[in-house]
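Engineer: Structure file run_10.txt (compact mmCIF, C-alpha atoms) right here:
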# COMPACT_ATOMS: atom_id res chain seq x y z
CA MET Z 832 0.00 0.00 0.00
CA VAL Z 833 2.80 2.40 0.88
CA THR Z 834 4.51 1.69 -2.45
CA ALA Z 835 1.27 2.29 -4.35
CA ILE Z 836 0.67 5.60 -2.55
CA ALA Z 837 4.23 6.75 -3.26
CA ALA Z 838 4.08 5.73 -6.93
CA ALA Z 839 0.72 7.47 -7.54
CA THR Z 840 1.85 10.62 -5.73
CA ALA Z 841 5.08 10.75 -7.75
CA ALA Z 842 3.23 10.27 -11.06
CA ILE Z 843 0.82 13.09 -10.19
CA ALA Z 844 3.70 15.36 -9.16
CA ARG Z 845 5.56 14.74 -12.45
CA LEU Z 846 2.45 15.60 -14.46
CA ASP Z 847 1.76 18.72 -12.41
CA ALA Z 848 5.33 19.97 -12.79
CA ARG Z 849 5.27 19.50 -16.57
CA ILE Z 850 1.88 21.07 -17.24
CA ILE Z 851 2.85 24.28 -15.44
CA VAL Z 852 5.55 25.07 -18.02
CA SER Z 853 4.00 23.49 -21.12
CA PRO Z 854 3.26 25.71 -24.15
CA VAL Z 855 0.22 23.54 -24.99
CA ALA Z 856 -1.36 23.50 -21.53
CA LYS Z 857 -4.72 24.86 -22.72
CA ALA Z 858 -5.05 22.40 -25.58
CA TRP Z 859 -3.99 19.55 -23.31
CA SER Z 860 -6.56 20.50 -20.65
CA THR Z 861 -9.34 20.22 -23.23
CA ARG Z 862 -8.32 16.69 -24.14
CA ALA Z 863 -7.72 15.81 -20.49
CA ALA Z 864 -11.25 16.92 -19.62
CA TRP Z 865 -12.67 14.50 -22.18
CA SER Z 866 -10.52 11.68 -20.78
CA GLY Z 867 -11.50 12.42 -17.19
CA TYR Z 868 -15.19 12.68 -18.05
CA ALA Z 869 -15.03 9.35 -19.89
CA ARG Z 870 -13.63 7.70 -16.76
CA ALA Z 871 -16.38 9.27 -14.62
CA LEU Z 872 -19.06 8.03 -17.03
CA GLN Z 873 -17.68 4.52 -16.81
CA LEU Z 874 -17.87 4.69 -13.01
CA GLN Z 875 -21.53 5.64 -13.48
CA SER Z 876 -21.91 2.36 -15.45
CA ALA Z 877 -22.37 4.16 -18.77
CA GLU Z 878 -21.37 1.97 -21.72
CA VAL Z 879 -19.02 4.45 -23.38
CA GLU Z 880 -15.36 4.47 -24.28
CA GLU Z 881 -12.91 7.34 -24.31
CA ILE Z 882 -13.09 7.68 -28.09
CA ASP Z 883 -16.85 8.27 -27.79
CA VAL Z 884 -16.30 11.27 -25.51
CA PHE Z 885 -13.63 12.64 -27.86
CA SER Z 886 -16.10 12.20 -30.72
CA TRP Z 887 -18.75 14.13 -28.78
CA GLY Z 888 -16.26 16.85 -27.82
CA CYS Z 889 -15.12 17.29 -31.41
CA ASP Z 890 -18.77 17.24 -32.60
CA LEU Z 891 -18.04 14.50 -35.11
CA LYS Z 892 -19.72 11.08 -35.32
CA ILE Z 893 -17.25 8.30 -36.08
CA PRO Z 894 -18.57 5.67 -38.52
CA GLY Z 895 -18.80 2.22 -37.03
CA ARG Z 896 -19.06 3.34 -33.42
CA PRO Z 897 -22.21 2.22 -31.54
CA PRO Z 898 -24.63 5.10 -30.93
CA LEU Z 899 -24.77 6.65 -27.48
CA PRO Z 900 -27.97 6.17 -25.47
CA SER Z 901 -30.66 8.58 -26.66
CA HIS Z 902 -32.96 8.35 -23.62
CA LEU Z 903 -30.57 10.29 -21.33
CA ASP Z 904 -28.04 13.08 -21.62
CA LEU Z 905 -24.65 11.71 -20.63
CA PHE Z 906 -22.95 15.09 -20.94
CA ASP Z 907 -25.39 17.28 -19.03
CA ARG Z 908 -22.83 18.02 -16.27
CA PHE Z 909 -19.80 18.55 -18.49
CA ALA Z 910 -20.21 22.32 -18.98
CA GLU Z 911 -20.70 22.84 -15.25
CA TRP Z 912 -17.58 20.83 -14.47
CA ARG Z 913 -15.45 22.65 -17.07
CA ALA Z 914 -16.56 25.99 -15.66
CA ALA Z 915 -15.53 24.83 -12.17
CA LEU Z 916 -12.12 23.71 -13.47
CA GLN Z 917 -11.51 27.18 -14.91
CA ASP Z 918 -12.79 29.02 -11.82
CA ASP Z 919 -10.07 31.01 -10.02
CA ASP Z 920 -11.93 30.82 -6.70
CA ARG Z 921 -10.26 27.92 -4.89
CA LEU Z 922 -12.94 27.83 -2.18
CA ARG Z 923 -16.04 27.63 -4.38
CA TRP Z 924 -15.89 23.85 -4.88
CA ARG Z 925 -15.13 23.23 -1.21
CA ASP Z 926 -18.05 25.42 -0.11
CA ARG Z 927 -20.43 23.32 -2.21
CA LEU Z 928 -19.54 20.10 -0.38
CA PRO Z 929 -22.18 18.71 2.01
CA THR Z 930 -21.50 19.58 5.64
CA ALA Z 931 -21.44 15.86 6.50
CA ILE Z 932 -18.08 15.52 4.70
CA GLY Z 933 -15.01 16.03 6.85
CA ASP Z 934 -11.74 14.52 7.99
CA PRO Z 935 -11.96 11.71 10.55
CA ALA Z 936 -9.98 11.93 13.77
CA THR Z 937 -7.23 9.70 12.35
CA ALA Z 938 -6.88 11.66 9.10
CA THR Z 939 -3.46 13.06 9.98
CA GLU Z 940 -2.08 9.53 10.11
CA HIS Z 941 -2.66 9.10 6.37
CA ALA Z 942 -0.97 10.55 3.31
CA PRO Z 943 -2.56 13.55 1.57
CA LEU Z 944 -3.46 11.37 -1.43
CA VAL Z 945 -5.44 8.97 0.74
CA ARG Z 946 -7.22 11.88 2.41
CA ALA Z 947 -8.17 13.32 -0.98
CA LEU Z 948 -9.56 9.95 -2.08
CA ASP Z 949 -11.46 9.63 1.19
CA THR Z 950 -13.17 12.95 0.47
CA VAL Z 951 -14.35 11.49 -2.85
CA ARG Z 952 -15.46 8.33 -1.05
CA GLN Z 953 -17.58 10.31 1.39
CA LEU Z 954 -19.08 12.40 -1.40
CA ALA Z 955 -19.89 9.31 -3.49
CA ARG Z 956 -21.89 7.89 -0.58
CA ILE Z 957 -24.01 11.06 -0.44
CA ASP Z 958 -24.13 12.27 -4.05
CA HIS Z 959 -24.99 9.52 -6.52
CA SER Z 960 -24.40 11.71 -9.58
CA ILE Z 961 -21.31 11.85 -11.79
CA MET Z 962 -20.10 14.94 -9.91
CA ALA Z 963 -18.73 12.74 -7.13
CA TRP Z 964 -16.13 11.24 -9.49
CA LEU Z 965 -15.47 14.60 -11.14
CA SER Z 966 -14.55 16.07 -7.75
CA LEU Z 967 -11.25 14.21 -7.40
CA PRO Z 968 -9.13 16.86 -9.25
CA PHE Z 969 -10.37 19.48 -6.78
CA ALA Z 970 -9.69 17.25 -3.79
CA LEU Z 971 -6.12 16.69 -5.01
CA ARG Z 972 -5.63 20.44 -5.36
CA ASP Z 973 -7.02 21.15 -1.89
CA ARG Z 974 -4.58 18.64 -0.38
CA GLY Z 975 -1.65 20.40 -2.05
CA LEU Z 976 -0.84 17.59 -4.48
CA VAL Z 977 -1.34 19.74 -7.60
CA ALA Z 978 -1.24 23.48 -8.27
CA SER Z 979 -4.53 23.47 -10.19
CA PRO Z 980 -7.16 20.78 -10.92
CA LEU Z 981 -6.01 18.27 -13.52
CA PRO Z 982 -9.18 16.98 -15.22
CA CYS Z 983 -7.61 13.74 -16.43
CA LEU Z 984 -7.41 12.59 -12.78
CA ALA Z 985 -11.17 12.40 -12.30
CA GLY Z 986 -12.19 9.00 -11.00
CA GLY Z 987 -12.48 6.78 -7.98
CA ALA Z 988 -13.98 3.32 -7.55
CA LYS Z 989 -17.48 1.90 -7.51
CA ALA Z 990 -16.57 0.37 -4.13
CA PHE Z 991 -16.47 3.89 -2.70
CA ARG Z 992 -20.21 4.15 -3.31
CA LEU Z 993 -21.29 0.56 -2.76
CA LYS Z 994 -19.26 -0.41 0.32
CA PRO Z 995 -19.40 1.33 3.70
CA ARG Z 996 -15.76 0.36 4.25
CA PRO Z 997 -13.71 -0.42 1.09
CA ASN Z 998 -11.03 -3.03 1.71
CA ASP Z 999 -7.31 -2.86 0.90
CA ASP Z 1000 -7.80 -4.31 -2.57
CA ASP Z 1001 -10.27 -1.54 -3.42
CA TRP Z 1002 -7.83 1.15 -2.29
CA LEU Z 1003 -4.97 -0.47 -4.20
CA ALA Z 1004 -7.06 -0.57 -7.39
CA VAL Z 1005 -7.86 3.13 -7.08
CA LEU Z 1006 -4.24 4.10 -6.42
CA ARG Z 1007 -2.94 2.08 -9.36
CA ALA Z 1008 -5.64 3.46 -11.66
CA LEU Z 1009 -4.72 7.00 -10.59
CA GLU Z 1010 -1.03 6.35 -11.23
CA SER Z 1011 -1.86 4.93 -14.67
CA ALA Z 1012 -4.06 7.94 -15.52
CA ALA Z 1013 -1.30 10.37 -14.56
CA THR Z 1014 1.32 8.41 -16.53
CA ILE Z 1015 -0.85 8.25 -19.67
CA ALA Z 1016 -1.69 11.95 -19.36
CA LEU Z 1017 2.02 12.81 -19.17
CA GLN Z 1018 2.74 10.70 -22.26
CA ARG Z 1019 -0.04 12.46 -24.14
CA LEU Z 1020 1.32 15.83 -23.04
CA HIS Z 1021 4.72 14.88 -24.47
CA SER Z 1022 3.03 13.77 -27.72
CA LEU Z 1023 1.06 17.01 -27.95
CA GLU Z 1024 4.20 19.09 -27.37
CA ARG Z 1025 6.01 17.14 -30.06
CA HIS Z 1026 3.06 17.66 -32.41
CA TYR Z 1027 3.30 21.38 -31.64
CA ARG Z 1028 7.00 21.43 -32.57
CA ASP Z 1029 6.41 19.33 -35.70
CA ALA Z 1030 3.67 21.76 -36.73
CA GLN Z 1031 6.13 24.64 -36.42
CA ARG Z 1032 8.65 22.77 -38.59
CA ALA Z 1033 5.97 21.98 -41.18
CA ILE Z 1034 4.94 25.64 -41.38
CA ALA Z 1035 8.55 26.82 -41.64
CA ALA Z 1036 9.21 24.31 -44.45
CA GLU Z 1037 6.30 25.59 -46.56
CA TYR Z 1038 7.08 28.19 -49.20
CA ARG Z 1039 3.50 29.48 -48.95
CA PRO Z 1040 1.83 28.16 -45.78
CA GLY Z 1041 -1.51 29.81 -46.57
CA ALA Z 1042 -4.17 28.55 -44.17
CA LEU Z 1043 -2.04 25.61 -42.99
CA PRO Z 1044 -1.09 27.32 -39.66
CA ALA Z 1045 -4.79 27.81 -38.88
CA LEU Z 1046 -5.53 24.11 -39.47
CA LEU Z 1047 -2.54 22.96 -37.41
CA ALA Z 1048 -3.60 25.27 -34.59
CA LEU Z 1049 -7.13 23.81 -34.77
CA ILE Z 1050 -5.75 20.27 -34.55
CA GLN Z 1051 -4.27 21.09 -31.14
CA TYR Z 1052 -7.78 21.66 -29.75
CA ARG Z 1053 -9.77 19.35 -32.02
CA PRO Z 1054 -7.67 16.20 -32.62
CA LEU Z 1055 -10.56 14.56 -34.49
CA LEU Z 1056 -11.54 16.48 -37.61
CA SER Z 1057 -13.08 16.20 -41.05
CA PRO Z 1058 -12.70 18.63 -43.99
CA GLN Z 1059 -16.34 19.61 -43.49
CA SER Z 1060 -15.94 20.48 -39.80
CA ALA Z 1061 -12.64 22.31 -40.38
CA ALA Z 1062 -14.11 24.29 -43.29
CA GLU Z 1063 -16.96 25.49 -41.06
CA LEU Z 1064 -14.67 26.53 -38.20
CA LEU Z 1065 -12.04 28.16 -40.43
CA CYS Z 1066 -14.58 29.82 -42.78
CA MET Z 1067 -13.21 28.27 -45.96
CA SER Z 1068 -14.38 25.92 -48.71
CA ILE Z 1069 -14.49 22.15 -48.21
CA ALA Z 1070 -12.22 21.71 -51.23
CA GLY Z 1071 -9.64 24.05 -49.72
CA ALA Z 1072 -9.86 22.29 -46.36
CA SER Z 1073 -9.38 18.91 -48.06
CA LYS Z 1074 -6.15 20.14 -49.65
CA LEU Z 1075 -4.92 21.35 -46.25
CA PHE Z 1076 -5.68 17.95 -44.75
CA GLU Z 1077 -3.62 16.26 -47.45
CA ARG Z 1078 -0.68 18.53 -46.64
CA ALA Z 1079 -1.02 17.85 -42.92
CA ALA Z 1080 -1.27 14.08 -43.51
CA THR Z 1081 1.80 14.15 -45.76
CA ALA Z 1082 3.71 15.90 -42.97
CA GLY Z 1083 2.68 13.13 -40.56
CA LEU Z 1084 0.52 15.42 -38.44
CA LEU Z 1085 -2.78 13.64 -39.16
CA VAL Z 1086 -3.89 10.06 -39.85
CA GLU Z 1087 -6.99 9.19 -41.85
CA ILE Z 1088 -9.19 6.77 -39.93
CA THR Z 1089 -12.08 6.30 -42.40
CA GLN Z 1090 -10.35 5.18 -45.63
CA ARG Z 1091 -13.05 6.45 -47.99
CA ARG Z 1092 -13.41 9.11 -50.66
CA SER Z 1093 -16.15 11.23 -49.11
CA TRP Z 1094 -16.82 12.33 -45.53
CA ARG Z 1095 -13.28 11.47 -44.54
CA GLN Z 1096 -12.13 11.83 -40.93
CA PHE Z 1097 -8.65 12.39 -39.52
CA LEU Z 1098 -7.09 11.93 -36.11
CA THR Z 1099 -3.73 12.89 -34.63
CA PRO Z 1100 -1.20 10.01 -34.82
CA ASP Z 1101 -0.78 9.58 -31.04
CA LEU Z 1102 -4.52 9.27 -30.39
CA ALA Z 1103 -4.97 7.09 -33.47
CA ALA Z 1104 -2.55 4.63 -31.87
CA ASP Z 1105 -4.20 4.91 -28.43
CA PHE Z 1106 -7.65 4.26 -29.87
CA GLY Z 1107 -6.57 1.34 -32.05
CA TYR Z 1108 -6.81 2.89 -35.53
CA VAL Z 1109 -3.11 2.38 -36.25
CA ARG Z 1110 -0.53 0.05 -34.79
CA PRO Z 1111 1.51 1.61 -32.00
CA LYS Z 1112 5.17 1.98 -32.79
CA ARG Z 1113 7.46 -0.54 -31.13
CA GLY Z 1114 11.02 -0.17 -29.97
CA ARG Z 1115 12.82 3.06 -29.31
CA PRO Z 1116 10.92 6.23 -30.17
CA ALA Z 1117 12.06 8.00 -33.30
CA LYS Z 1118 14.71 10.62 -32.73
CA GLU Z 1119 13.26 14.09 -32.91
CA PRO Z 1120 14.81 16.40 -35.54
CA PRO Z 1121 17.14 19.07 -34.14
CA PRO Z 1122 15.61 22.45 -33.26
CA LEU Z 1123 15.35 24.92 -36.09
CA PRO Z 1124 17.94 27.72 -36.02
CA VAL Z 1125 16.62 30.83 -34.31
CA ASP Z 1126 16.34 33.88 -36.52
CA ARG Z 1127 13.95 36.78 -36.91
CA ASP Z 1128 11.95 35.24 -39.76
CA LEU Z 1129 11.36 31.95 -37.93
CA ALA Z 1130 10.47 33.78 -34.74
CA ALA Z 1131 7.76 35.62 -36.67
CA VAL Z 1132 6.44 32.27 -38.00
CA PHE Z 1133 6.30 30.77 -34.50
CA ASP Z 1134 4.65 33.88 -33.05
CA ALA Z 1135 2.04 33.77 -35.81
CA PHE Z 1136 1.32 30.11 -35.03
CA ASP Z 1137 0.88 30.90 -31.33
CA THR Z 1138 -1.46 33.73 -32.30
CA GLU Z 1139 -3.49 31.30 -34.41
CA MET Z 1140 -3.74 28.92 -31.44
CA ALA Z 1141 -4.94 31.71 -29.14
CA ALA Z 1142 -7.52 32.80 -31.71
CA LEU Z 1143 -8.79 29.22 -32.08
CA ASP Z 1144 -9.01 28.87 -28.31
CA ASN Z 1145 -11.20 31.99 -28.10
CA LEU Z 1146 -13.32 30.88 -31.07
CA LEU Z 1147 -14.02 27.44 -29.60
CA ALA Z 1148 -14.73 28.93 -26.16
CA ARG Z 1149 -17.34 31.28 -27.65
CA LYS Z 1150 -18.85 28.40 -29.63
CA CYS Z 1151 -19.22 26.36 -26.41
CA GLU Z 1152 -20.89 29.31 -24.66
CA LEU Z 1153 -23.41 29.67 -27.47
CA ASN Z 1154 -24.23 25.98 -27.37
I'd like the structure from this file rewritten - as structure tokens, please.
Structural biologist:
Amino acid sequence: MVTAIAAATAAIARLDARIIVSPVAKAWSTRAAWSGYARALQLQSAEVEEIDVFSWGCDLKIPGRPPLPSHLDLFDRFAEWRAALQDDDRLRWRDRLPTAIGDPATATEHAPLVRALDTVRQLARIDHSIMAWLSLPFALRDRGLVASPLPCLAGGAKAFRLKPRPNDDDWLAVLRALESAATIALQRLHSLERHYRDAQRAIAAEYRPGALPALLALIQYRPLLSPQSAAELLCMSIAGASKLFERAATAGLLVEITQRRSWRQFLTPDLAADFGYVRPKRGRPAKEPPPLPVDRDLAAVFDAFDTEMAALDNLLARKCELN
């Protein structure tokens, strides 16, 4: 148990330290929210997989995937949770907790991670909604384990709700699942940062980038795209968007997952491997190309790409508010 607590705490600390200095923190948090919400839905016994939540978040139905239940709204609490994650008031979530939740007399004998999980356990016994599982990122922050809530760490265990006193095996399962979630999230952060650098190289290598920077910036926030959805968001023709997708796929920044001539869909290579659309690469990871030489022209290209990403972030935020 002590080893599991230490391993999970270390994995969370590594992720927290990296996300603080990452240039793609906002884009990563969007993907992490979908991952965390998928885990919470599974704890609510919803028959969904992570790719289904990504599909919903990107507003794109993937052919061949089973339809989500139509008699209930699985995502009715997502907007509320995302707003809480972005709230600067650190006390708002804690003030909403039922007064029956508190630390037992022996709480100081346990590690902060166990105390955070116990808060979720108590809440799950009182609140039978998905919000109990979505509260774990806030509990970790309140115990000083992370600087800000990390949405990918939402979760818990069904035993927290069903058993008055979970046994050691239940606690071990939760700790190992939390360590795995933090490790996977860190790997995806590394992949997203590498995609960000590869996008900069692809833009710098183009004689006339055109609208390619806008598409590559959009991919950071919407890893699952089609020419139709990109054309709508970027205010361009479907034919023009299709040509941009071909350029991005040639540069290795997108993978087609539909293999058809019309209504094609593309996914980033790392998620395509995670979701089983392509075979994961074995052996040592490919060596990353050396950094591009720093000069004034390239600095302007990189600044323009960052500006495109900020503009896309604002555009998608306004779109979510309208919906």
Engineer: Got a sec: who's within 9 Å of Z:Val884, counting all atoms listed in the file, leaving out chain neighbours fewer than 5 positions off, as a short mmCIF file (atom, residue, chain, number, x, y, z; two decimals) with C-alpha atoms, in the coordinates of the input?
Structural biologist:
data_model
loop_
_atom_site.label_atom_id
_atom_site.label_comp_id
_atom_site.auth_asym_id
_atom_site.auth_seq_id
_atom_site.Cartn_x
_atom_site.Cartn_y
_atom_site.Cartn_z
CA TRP Z 865 -12.67 14.50 -22.18
CA SER Z 866 -10.52 11.68 -20.78
CA TYR Z 868 -15.19 12.68 -18.05
CA ALA Z 869 -15.03 9.35 -19.89
CA VAL Z 879 -19.02 4.45 -23.38
CA CYS Z 889 -15.12 17.29 -31.41
CA PHE Z 906 -22.95 15.09 -20.94
#
Engineer: Considering only C-alpha atoms, can you say which of Z:Leu846, Z:Ala856, Z:Ala839, Z:Met962 comes closest to Z:Ala871?
Structural biologist: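 Closest to Z:Ala871 of all the choices is Z:Met962.
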Engineer: May I ask for the distance between atom CA of Z:Arg845 and atom CA of Z:Ala1013, given in Å to one decimal place?
Structural biologist: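 Distance reported for this atom pair: 8.4 Å.
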Engineer: So what do you get for atom CA of Z:Asp958 versus atom CA of Z:Ala915, distance-wise?
Structural biologist: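 Straight-line distance from atom CA of Z:Asp958 to atom CA of Z:Ala915 works out to 17.3 Å.
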Engineer: Quick one: of Z:Ile850, Z:Ala1004, Z:Ala838, Z:Ile1015, who's nearest to Z:Gly867, counting all atoms listed in the file?
Structural biologist: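 Counting all atoms listed in the file, the residue closest to Z:Gly867 is Z:Ile1015.
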Engineer: Between Z:Tyr1108, Z:Phe1133, Z:Trp924, Z:Trp859, which has the minimum distance to Z:Ala1033 (counting all atoms listed in the file)?
Structural biologist: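 Smallest distance to Z:Ala1033 is found for Z:Phe1133.
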Engineer: Would you pick out the contacts of stretch 970-978 of chain Z at 9 Å or less, using all atoms listed in the file, so that residues sharing its chain but fewer than 2 positions from it are not included, and give the list as a list in words?
Structural biologist: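 What passes the distance filter is Thr840, Ile843, Ala844, Leu846, Asp847, Ala848, Ile851, Arg921, Leu922, Arg925, Pro943, Leu944, Arg946, Ala947, Leu948, Thr950, Val951, Ser966, Leu967, Pro968, Pro980, Leu981 and Leu984 of chain Z.
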Engineer: Check the smallest atom-to-atom distance from each of Z:Ala1079, Z:Ala1012, Z:Leu993, Z:Leu1146 to Z:Ala955 using all atoms listed in the file, then report the winner.
Structural biologist: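 The shortest atom-to-atom distance to Z:Ala955 comes from Z:Leu993.
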Engineer: So that I can see what lies close to Z:Leu891, please list as a ChimeraX atom specification the residues with an atom at most 12 Å from it, counting only C-alpha atoms and leaving out residues fewer than 4 positions away in the same chain.
Structural biologist: /Z:882-887,896,1053-1061,1094-1098
Engineer: Those residues with C-alpha atoms, as a PDB file, in the coordinates of the input please?
Structural biologist:
ATOM      1  CA  ILE Z 882     -13.090   7.680 -28.090  1.00  0.00           C
ATOM      2  CA  ASP Z 883     -16.850   8.270 -27.790  1.00  0.00           C
ATOM      3  CA  VAL Z 884     -16.300  11.270 -25.510  1.00  0.00           C
ATOM      4  CA  PHE Z 885     -13.630  12.640 -27.860  1.00  0.00           C
ATOM      5  CA  SER Z 886     -16.100  12.200 -30.720  1.00  0.00           C
ATOM      6  CA  TRP Z 887     -18.750  14.130 -28.780  1.00  0.00           C
ATOM      7  CA  ARG Z 896     -19.060   3.340 -33.420  1.00  0.00           C
ATOM      8  CA  ARG Z1053      -9.770  19.350 -32.020  1.00  0.00           C
ATOM      9  CA  PRO Z1054      -7.670  16.200 -32.620  1.00  0.00           C
ATOM     10  CA  LEU Z1055     -10.560  14.560 -34.490  1.00  0.00           C
ATOM     11  CA  LEU Z1056     -11.540  16.480 -37.610  1.00  0.00           C
ATOM     12  CA  SER Z1057     -13.080  16.200 -41.050  1.00  0.00           C
ATOM     13  CA  PRO Z1058     -12.700  18.630 -43.990  1.00  0.00           C
ATOM     14  CA  GLN Z1059     -16.340  19.610 -43.490  1.00  0.00           C
ATOM     15  CA  SER Z1060     -15.940  20.480 -39.800  1.00  0.00           C
ATOM     16  CA  ALA Z1061     -12.640  22.310 -40.380  1.00  0.00           C
ATOM     17  CA  TRP Z1094     -16.820  12.330 -45.530  1.00  0.00           C
ATOM     18  CA  ARG Z1095     -13.280  11.470 -44.540  1.00  0.00           C
ATOM     19  CA  GLN Z1096     -12.130  11.830 -40.930  1.00  0.00           C
ATOM     20  CA  PHE Z1097      -8.650  12.390 -39.520  1.00  0.00           C
ATOM     21  CA  LEU Z1098      -7.090  11.930 -36.110  1.00  0.00           C
TER      22      LEU Z1098
END
Engineer: Just to confirm, what's the straight-line distance from atom CA of Z:Ala1082 to atom CA of Z:Pro1116 in Å (one decimal)?
Structural biologist: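 Computing the Euclidean distance for atom CA of Z:Ala1082 and atom CA of Z:Pro1116 yields 17.6 Å.
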Engineer: Counting all atoms listed in the file, figure out which residue out of Z:Leu899, Z:Ala985, Z:Leu1020, Z:Leu1006 gets nearest to Z:Gln1051.
Structural biologist: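 So, comparing all the options, the nearest one is Z:Leu1020.
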Engineer: Could you check which of Z:Tyr1052, Z:Leu928, Z:Ala1141, Z:Thr1014 is closest to Z:Gly888, using all atoms listed in the file?
Structural biologist: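 Once distances to Z:Gly888 are computed over all atoms listed in the file, the minimum belongs to Z:Tyr1052.
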Engineer: Residues around (6.9, 33.8, -40.1), cut-off 12 Å, counting only C-alpha atoms - what are they as a list in words?
Structural biologist: Gln1031, Arg1032, Ala1033, Ile1034, Ala1035, Ala1036, Glu1037, Tyr1038, Arg1039, Pro1040, Gly1041, Pro1044, Val1125, Asp1126, Arg1127, Asp1128, Leu1129, Ala1130, Ala1131, Val1132, Phe1133, Asp1134, Ala1135, Phe1136, Asp1137 and Thr1138 of chain Z
